[in-house]
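Beneath this line is the structure, given in structure tokens, with notes to follow.
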Amino acid sequence: MNPKMSVTDAAQILKLENQSVIKRLKSNNLDFEKSKNRVYFGHKTARALFNTSNNAPQKKCMVIATQIVKGGTGKTALTLNLAVRFSLLGKKVAIIDLDQQSNLTTHCDIDADNLPIMIDIIEGESEITKSMVEVCEGLHLLPSRIDNAVLDDTILFKSLPLDKVYKTQIDLLKPYYDVIFIDCPPALGRSVGAVALSSDLILCPVSPDKQCLTGLKLLDNGLEELEKRNLGPKANYKIIFNKYDGRTNASRKILSVLFETPHYREHMLKTYIRLNQEFVNYCIKATSIYDSLQPSPAKDDIDCLAQELIDTFPQLQLQISDISIKEKVLCYAQG
């Protein structure tokens, strides 16, 4: 996997002209490459370019879990591509795969047969900080395999506290990362409940399937039950409509139900992800949509989702320094 940020994309974020961004790269000796007249760079350069303010307060690591009690919603592809986008915005990102189907691990082209996974960590056979695998620069993964299917039973039989079993481990990772994503299995249970109690935000992908509404209701009820058991405040969750196709009645109907239900409407994100074969194609190739420099609707949608999350949560905001008057003059002169 080799995700790329184009100078054109960076210029839009920095509100500069392309040539001014290139000037910044050169003057700061930042690495970049060129392909077919397109200048681009990766995580290391992005971190220097987008996190340059000396006056910004120290930001805390944010933990985002993707959960929905329904398979086939595009949860894994959404998690990976959103994580890649944040890495290209200069964030150090970790992904924890807790789904025993290990689709995310496969998508990252990682063979986990002989690697530590979460069940090994809570059994005390491995340390989480030593178990992260580099997927690409700025993006690390705690992989999964079928053995994680016993997580619920292990938590039950060992009487492990739901509010601490994962949180203790995740807290060990926080000093090393800006964002931690957790990809959950499409089910309810102790493991998923423990994730909810360890997360700052739960992202719920809903696709055009009426069973998704049932799955969303089950998830909402499960979060309320955790709160009733005094395990912590009800987790903050946001609904992202995924695989939207405005040409179909199913998409329009599910979207209408979400907006007409006050309880769900207040949790809805403004962004929605359109149905796009690119997500599947890149998944098959074990790459992200950002491995290509070609603009695409899939990138546009993930970019919008990332930006909405950045605008909503202070922990995710970029630390971009102010542009000097001199640089603005140079920008306009070169333009």
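Residues are named by chain letter and number: chains run A, B, ... in the order of the structure tokens, numbers start at 1 in each chain, and ligands are numbered from 1 in the order shown.
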Under the rule of at most 12 Å, produce a per-residue listing of segment 136-208 of chain A near segment 301-312 of chain A: chain, number, name, the closest pair of atoms, and the distance in Å, as CSV, using only C-alpha atoms.
residue,atom,partner,partner_atom,distance
A:Val179,CA,A:Ile310,CA,11.4
A:Leu201,CA,A:Leu309,CA,10.1
A:Ile202,CA,A:Leu309,CA,11.8
A:Leu203,CA,A:Leu309,CA,10.4
A:Pro205,CA,A:Leu305,CA,11.9
Writing out the chosen residues with C-alpha atoms as an mmCIF file, in the first residue's frame:
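Final output, saved to result.cif:
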data_model
loop_
_atom_site.group_PDB
_atom_site.id
_atom_site.type_symbol
_atom_site.label_atom_id
_atom_site.label_comp_id
_atom_site.auth_asym_id
_atom_site.auth_seq_id
_atom_site.Cartn_x
_atom_site.Cartn_y
_atom_site.Cartn_z
ATOM 1 C CA VAL A 179 -6.127 8.704 15.829
ATOM 2 C CA LEU A 201 -16.850 8.219 18.928
ATOM 3 C CA ILE A 202 -18.720 5.335 17.343
ATOM 4 C CA LEU A 203 -19.178 5.627 13.600
ATOM 5 C CA PRO A 205 -22.336 2.943 8.670
#
Practice task
Determine which residues of segment 90-217 of chain A receive a DSSP assignment of helix (DSSP H, G or I), computed from the backbone, and state them as an NGL selection string.
Solution key: :A and (103-107 or 118-122 or 128-130 or 146-157 or 167-176 or 190-196 or 210-217)
Item to check | Pick from A:Ile180, A:Ile239, A:Cys61, A:Leu89 nearest to Leu14 of chain A, counting only C-alpha atoms | outcome: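 Of A:Ile180, A:Ile239, A:Cys61, A:Leu89, the one nearest Leu14 of chain A, counting only C-alpha atoms, is A:Leu89.
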Can you list every residue in segment 93-329 of chain A that DSSP puts in strand (DSSP E), as a PyMOL selection string? chain A and resi 93-97+133-136+139-142+179-183+201-206+237-244+268-274
* Nearest candidate to Ile22 of chain A (options A:Ile110, A:Met118, A:Ile155, A:Val39; using only C-alpha atoms) ->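 Nearest to Ile22 of chain A: A:Val39.
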**Lys238 of chain A environment, 12 Å, only C-alpha atoms, sequence neighbours closer than 4 positions dropped, as a ChimeraX atom specification** = /A:64-68,200-206,216,219-220,258,263-272,305,308-309,312
**Q.** Nearest residue to Pro186 of chain A from the set A:Lys228, A:Lys70, A:Lys91, A:Lys167 (distances using only C-alpha atoms)
**A.**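 Among the listed residues, A:Lys70 lies closest to Pro186 of chain A.
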With only C-alpha atoms counted and 6 Å as the cut-off, give the residues of segment 30-113 of chain A in contact with segment 277-293 of chain A, each with its shortest interatomic distance in Å and the pair that gives it, as JSON lines.
{"residue": "A:Asn81", "atom": "CA", "partner": "A:Ser288", "partner_atom": "CA", "distance": 6.0}
{"residue": "A:His107", "atom": "CA", "partner": "A:Ala286", "partner_atom": "CA", "distance": 4.7}
{"residue": "A:Cys108", "atom": "CA", "partner": "A:Ala286", "partner_atom": "CA", "distance": 5.6}
{"residue": "A:Asp109", "atom": "CA", "partner": "A:Ala286", "partner_atom": "CA", "distance": 5.5}
Dump N, CA and C atoms for the selected residues as an mmCIF file, in the first residue's frame?
data_model
loop_
_atom_site.group_PDB
_atom_site.id
_atom_site.type_symbol
_atom_site.label_atom_id
_atom_site.label_comp_id
_atom_site.auth_asym_id
_atom_site.auth_seq_id
_atom_site.Cartn_x
_atom_site.Cartn_y
_atom_site.Cartn_z
ATOM 1 N N ASN A 81 -10.089 3.375 4.429
ATOM 2 C CA ASN A 81 -9.851 4.554 3.600
ATOM 3 C C ASN A 81 -9.904 5.846 4.403
ATOM 4 N N HIS A 107 -7.389 -6.851 3.719
ATOM 5 C CA HIS A 107 -7.387 -5.651 2.875
ATOM 6 C C HIS A 107 -6.030 -4.950 2.949
ATOM 7 N N CYS A 108 -5.378 -5.028 4.115
ATOM 8 C CA CYS A 108 -4.053 -4.410 4.293
ATOM 9 C C CYS A 108 -2.928 -5.324 3.822
ATOM 10 N N ASP A 109 -3.295 -6.476 3.259
ATOM 11 C CA ASP A 109 -2.322 -7.441 2.728
ATOM 12 C C ASP A 109 -1.382 -7.957 3.816
#
Exercise. Can you work out the spacing between atom CA of Tyr177 of chain A and atom CA of Ala94 of chain A in Å, to one decimal?
Key: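 Answer for the atom CA of Tyr177 of chain A to atom CA of Ala94 of chain A separation: 6.6 Å.
Nearest to Val63 of chain A of all the residues A:Gln319, A:Asn276, A:Ser199, A:Thr105 is A:Ser199, based on only C-alpha atoms.
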Skipping near chain neighbours, those fewer than 2 positions away, what residues fall within 12 Å of Ser35 of chain A using only C-alpha atoms, listed as a count of residues only?
13
Of the listed residues A:Pro262, A:Phe50, A:Asp113, A:Ile121, that which approaches Lys15 of chain A most closely, counting only C-alpha atoms: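 Between A:Pro262, A:Phe50, A:Asp113, A:Ile121, the residue approaching Lys15 of chain A most closely is A:Phe50.
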Requested in this report: Can you work out which one of A:Gln101, A:Ser27, A:Asn236, A:Thr73 has the shortest atom-to-atom distance to Phe313 of chain A, counting only C-alpha atoms?
Outcome: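 Ranked by minimum distance to Phe313 of chain A, first place goes to A:Asn236.
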For this session: May I ask for the distance between atom CA of Pro143 of chain A and atom CA of Asp97 of chain A, given in Å to one decimal place?
Result: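 One can read the atom CA of Pro143 of chain A to atom CA of Asp97 of chain A distance as 5.4 Å.
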Expressed in Å, the length from atom CA of Ile13 of chain A to atom CA of Leu49 of chain A is 10.5 Å
